[in-house]
Amino acid sequence: MSDQIITFDNEETENIASPKRTKRTVILIIVAIVIVLIATFLIINYRHLPPMKFSEWVSDSFIRVGSGDGYPYEVNSNSVRDVAAFNKDSAILTDTSLIILNPSSKEVTNRLIPYSNPVMKTSSDRILIYDIGGNNFSIHNRSSSLFQNTTENAITTCTIGDYGNFAVATRDDVYSGSVTFYSYKFDEMFKWNSGNSYITALALSPDGDYGAAVTLNARSGEAFSTVYIFNFETEEVVSFKFEDTVIGNIVFGRDNQLTAVGDSCITVINTLNDDKESDETYAVVGSLSHISCDNGNAIATVSKVYDNNNIYSIKYINHRYGTQFETTIEEKVYDVYANQKYCAVLTDKSVYLYGYEGNIISAVSIDSLNADSSIHKIFVCESELYALTSSKILQISY
């Protein structure tokens, strides 16, 4: 048999190689685009996603994948301590467990919490759970329990910020109260003693640079509050005394402005103000009944205008977009929930959803929800509206 030599001309060779080169080029372009997108994401979010938190974000993203059976989700409200938005998910704290549901109600987390009186605080990507009156607290995300610790004295209140740092207030052997601020790496970074005043509320700025505490004291039989703001970089401490108001809650907003909600007024304090004076004060109409705070984003309050009538005043302040509105409802209000885009209000007749500029997006009749029992609480995850009843969590369509 004679040898055969097969030859190709240049044109045929180019035609055969071209598809391979094209495929390789497309792959390289896709890889380059992915690298650029990741780099851009990290550059934009480097303050809020340091290396440790970025790895948490990756693991949490994978664990959220998958679908559940959809809502409603069966619960026993007698064992539910709290429900709250956890970014796009729902966080449920029961007497014994932390449960996190994705938007399709898949259980991405069901973790034992062995505390006697657990309380939950959520941020954008971490959850702090503490045993009020006890000595234990822990930090969680969807995929794992990140940190656990025990205090020497009884815990009175805690908070966690969107940057990942957190604060724990306790009673003290010498002082009436003490608060320890921790970094997102779980290291102690600042500690403060409150003297003879009790610490009743805490807050952390979204960028992690500032902290704040509210103390309660009494003089001549009259209670008064003092708000302390801590600059972690300079360790400077400034204070604002409220002689005629008991401050119930505080929340940081944009540009690190601190909003303090009292029983008679709402005050906005600018931490960058060299004069150390409050910038704006709004009167609370009637008696304050409900407060909802979304750290760094928004705050909403409900106050009863007249004692003998079901007339309630709703006040909403949006820190992110710099908007606010006030409206009244002639129905009995049971709950309010605020986030960066919405304000939800639960009454004895309806669930109202307002936009951040005050426009009514939806008014859903309670009767139309076909709930088998009364609604105890409402909350908003991103743009989804939820309600807790005695036996289930409902997703409310609007």
# chains A, B, ... in the order shown; residues from 1 in each chain; ligands from 1
>>> residues_around(residues="range 192-201 of chain A", least_positions_apart="4", cutoff="12 Å", atoms="only C-alpha atoms", output="PyMOL selection string")
chain A and resi 155-160+167-181+188+211-219+223-232+235-237+239+246-251+260-262
>>> write_last_selection(atoms="C-alpha atoms", output="mmCIF file, in the first residue's frame")
data_model
loop_
_atom_site.group_PDB
_atom_site.id
_atom_site.type_symbol
_atom_site.label_atom_id
_atom_site.label_comp_id
_atom_site.auth_asym_id
_atom_site.auth_seq_id
_atom_site.Cartn_x
_atom_site.Cartn_y
_atom_site.Cartn_z
ATOM 1 C CA ILE A 155 -27.208 41.762 79.341
ATOM 2 C CA THR A 156 -29.691 44.645 79.126
ATOM 3 C CA THR A 157 -29.691 45.457 75.391
ATOM 4 C CA CYS A 158 -27.654 44.919 72.203
ATOM 5 C CA THR A 159 -27.486 46.120 68.604
ATOM 6 C CA ILE A 160 -25.735 45.254 65.335
ATOM 7 C CA ALA A 167 -22.543 46.421 70.759
ATOM 8 C CA VAL A 168 -23.513 44.703 74.016
ATOM 9 C CA ALA A 169 -24.752 46.592 77.089
ATOM 10 C CA THR A 170 -24.742 44.980 80.524
ATOM 11 C CA ARG A 171 -25.285 45.858 84.141
ATOM 12 C CA ASP A 172 -22.052 46.543 85.979
ATOM 13 C CA ASP A 173 -20.692 45.787 89.437
ATOM 14 C CA VAL A 174 -19.588 49.413 89.877
ATOM 15 C CA TYR A 175 -21.678 51.429 87.404
ATOM 16 C CA SER A 176 -25.357 51.268 86.508
ATOM 17 C CA GLY A 177 -24.414 50.148 83.021
ATOM 18 C CA SER A 178 -21.553 49.372 80.667
ATOM 19 C CA VAL A 179 -21.427 48.944 76.876
ATOM 20 C CA THR A 180 -18.762 47.190 74.810
ATOM 21 C CA PHE A 181 -18.462 47.840 71.075
ATOM 22 C CA GLU A 188 -13.359 44.619 71.401
ATOM 23 C CA GLY A 211 -21.833 54.361 67.969
ATOM 24 C CA ALA A 212 -24.510 55.792 70.230
ATOM 25 C CA ALA A 213 -26.191 54.982 73.539
ATOM 26 C CA VAL A 214 -29.239 56.246 75.414
ATOM 27 C CA THR A 215 -29.219 56.450 79.199
ATOM 28 C CA LEU A 216 -32.140 56.950 81.570
ATOM 29 C CA ASN A 217 -32.005 58.734 84.880
ATOM 30 C CA ALA A 218 -34.292 60.628 87.244
ATOM 31 C CA ARG A 219 -34.110 63.925 89.088
ATOM 32 C CA ALA A 223 -37.230 60.905 84.281
ATOM 33 C CA PHE A 224 -34.902 62.241 81.594
ATOM 34 C CA SER A 225 -32.662 60.804 78.889
ATOM 35 C CA THR A 226 -29.187 61.544 77.612
ATOM 36 C CA VAL A 227 -27.882 60.502 74.181
ATOM 37 C CA TYR A 228 -24.141 59.812 73.888
ATOM 38 C CA ILE A 229 -22.366 59.599 70.511
ATOM 39 C CA PHE A 230 -18.990 57.880 70.243
ATOM 40 C CA ASN A 231 -16.419 58.490 67.519
ATOM 41 C CA PHE A 232 -14.418 55.250 67.403
ATOM 42 C CA GLU A 235 -12.567 58.226 70.882
ATOM 43 C CA GLU A 236 -14.438 61.514 71.289
ATOM 44 C CA VAL A 237 -17.704 61.327 73.246
ATOM 45 C CA SER A 239 -23.733 64.076 74.762
ATOM 46 C CA VAL A 246 -37.699 59.806 77.560
ATOM 47 C CA ILE A 247 -35.869 58.555 74.465
ATOM 48 C CA GLY A 248 -37.146 55.134 73.447
ATOM 49 C CA ASN A 249 -35.060 54.443 70.348
ATOM 50 C CA ILE A 250 -32.190 55.791 68.267
ATOM 51 C CA VAL A 251 -31.127 55.076 64.680
ATOM 52 C CA ALA A 260 -33.650 60.018 68.571
ATOM 53 C CA VAL A 261 -37.302 59.132 69.142
ATOM 54 C CA GLY A 262 -38.796 60.298 72.418
#
>>> residues_around(residues="Ala298 in chain A", least_positions_apart="6", cutoff="7 Å", atoms="only C-alpha atoms", output="ChimeraX atom specification")
/A:317-319,338-340
>>> closest_residue(among="A:Asn270, A:Ser116, A:Asn76, A:Thr328", to="Tyr210 in chain A", atoms="only C-alpha atoms")
A:Asn270
>>> select_by_dssp(residues="range 117-221 of chain A", states="strand (DSSP E or B)", output="PyMOL selection string")
chain A and resi 118-122+127-131+136-140+145-150+155-160+166-170+178-182+188-193+198-204+210-219
>>> closest_residue(among="A:Asp125, A:Ser368, A:Ile33, A:Ser77", to="Ser90 in chain A", atoms="only C-alpha atoms")
A:Asp125
>>> residues_around(residues="Tyr342 in chain A", least_positions_apart="3", cutoff="9 Å", atoms="only C-alpha atoms", output="PDB file with N, CA and C atoms, in the first residue's frame")
ATOM      1  N   ALA A 298     -34.446  54.230  57.515  1.00  0.00           N
ATOM      2  CA  ALA A 298     -35.712  54.913  57.789  1.00  0.00           C
ATOM      3  C   ALA A 298     -36.183  54.646  59.204  1.00  0.00           C
ATOM      4  N   TYR A 337     -44.105  49.177  60.254  1.00  0.00           N
ATOM      5  CA  TYR A 337     -42.798  48.663  59.836  1.00  0.00           C
ATOM      6  C   TYR A 337     -42.225  49.593  58.768  1.00  0.00           C
ATOM      7  N   ALA A 338     -40.952  49.977  58.953  1.00  0.00           N
ATOM      8  CA  ALA A 338     -40.312  50.910  58.021  1.00  0.00           C
ATOM      9  C   ALA A 338     -39.058  50.291  57.431  1.00  0.00           C
ATOM     10  N   ASN A 339     -38.846  50.501  56.126  1.00  0.00           N
ATOM     11  CA  ASN A 339     -37.552  50.220  55.521  1.00  0.00           C
ATOM     12  C   ASN A 339     -37.221  51.340  54.540  1.00  0.00           C
ATOM     13  N   LEU A 353     -49.721  50.041  52.705  1.00  0.00           N
ATOM     14  CA  LEU A 353     -48.335  50.134  52.286  1.00  0.00           C
ATOM     15  C   LEU A 353     -48.117  51.483  51.606  1.00  0.00           C
ATOM     16  N   TYR A 354     -47.217  52.284  52.197  1.00  0.00           N
ATOM     17  CA  TYR A 354     -46.897  53.606  51.665  1.00  0.00           C
ATOM     18  C   TYR A 354     -45.518  53.582  51.003  1.00  0.00           C
ATOM     19  N   GLY A 355     -45.367  54.392  49.956  1.00  0.00           N
ATOM     20  CA  GLY A 355     -44.053  54.621  49.388  1.00  0.00           C
ATOM     21  C   GLY A 355     -43.276  55.592  50.243  1.00  0.00           C
ATOM     22  N   TYR A 356     -41.982  55.742  49.975  1.00  0.00           N
ATOM     23  CA  TYR A 356     -41.161  56.588  50.845  1.00  0.00           C
ATOM     24  C   TYR A 356     -41.481  58.074  50.712  1.00  0.00           C
ATOM     25  N   GLU A 357     -42.304  58.460  49.741  1.00  0.00           N
ATOM     26  CA  GLU A 357     -42.727  59.859  49.622  1.00  0.00           C
ATOM     27  C   GLU A 357     -44.134  60.080  50.160  1.00  0.00           C
ATOM     28  N   GLY A 358     -44.763  59.014  50.678  1.00  0.00           N
ATOM     29  CA  GLY A 358     -46.068  59.156  51.309  1.00  0.00           C
ATOM     30  C   GLY A 358     -47.237  58.712  50.461  1.00  0.00           C
ATOM     31  N   VAL A 380     -41.614  43.986  55.972  1.00  0.00           N
ATOM     32  CA  VAL A 380     -41.360  44.097  54.539  1.00  0.00           C
ATOM     33  C   VAL A 380     -39.935  43.637  54.253  1.00  0.00           C
ATOM     34  N   GLU A 382     -37.366  43.651  51.211  1.00  0.00           N
ATOM     35  CA  GLU A 382     -37.230  44.282  49.906  1.00  0.00           C
ATOM     36  C   GLU A 382     -38.574  44.907  49.545  1.00  0.00           C
ATOM     37  N   SER A 383     -39.320  44.325  48.614  1.00  0.00           N
ATOM     38  CA  SER A 383     -40.625  44.877  48.248  1.00  0.00           C
ATOM     39  C   SER A 383     -41.774  43.927  48.589  1.00  0.00           C
TER      40      SER A 383
END
>>> residues_around(residues="Leu394 in chain A", least_positions_apart="4", cutoff="9 Å", atoms="only C-alpha atoms", output="VMD selection string")
chain A and resid 71 to 73 369 371 385 to 389
>>> closest_residue(among="A:Tyr184, A:Tyr306, A:Tyr130, A:Phe379", to="Asp162 in chain A", atoms="only C-alpha atoms")
A:Tyr184
>>> closest_residue(among="A:Leu258, A:Val364, A:Ala300, A:Val305", to="Val336 in chain A", atoms="only C-alpha atoms")
A:Ala300
>>> closest_residue(among="A:Ile269, A:Gly70, A:Gly133, A:Arg320", to="Lys106 in chain A", atoms="only C-alpha atoms")
A:Gly70
>>> atom_distance(atom1="CA of Asn141 in chain A", atom2="CA of Ile299 in chain A")
24.3 Å
>>> residues_around(residues="Gln257 in chain A", least_positions_apart="2", cutoff="7 Å", atoms="only C-alpha atoms", output="VMD selection string")
chain A and resid 252 to 255 259 268 to 271
>>> atom_distance(atom1="CA of Asn153 in chain A", atom2="CA of Ile132 in chain A")
10.9 Å
>>> atom_distance(atom1="CA of Ser397 in chain A", atom2="CA of Ser350 in chain A")
13.0 Å
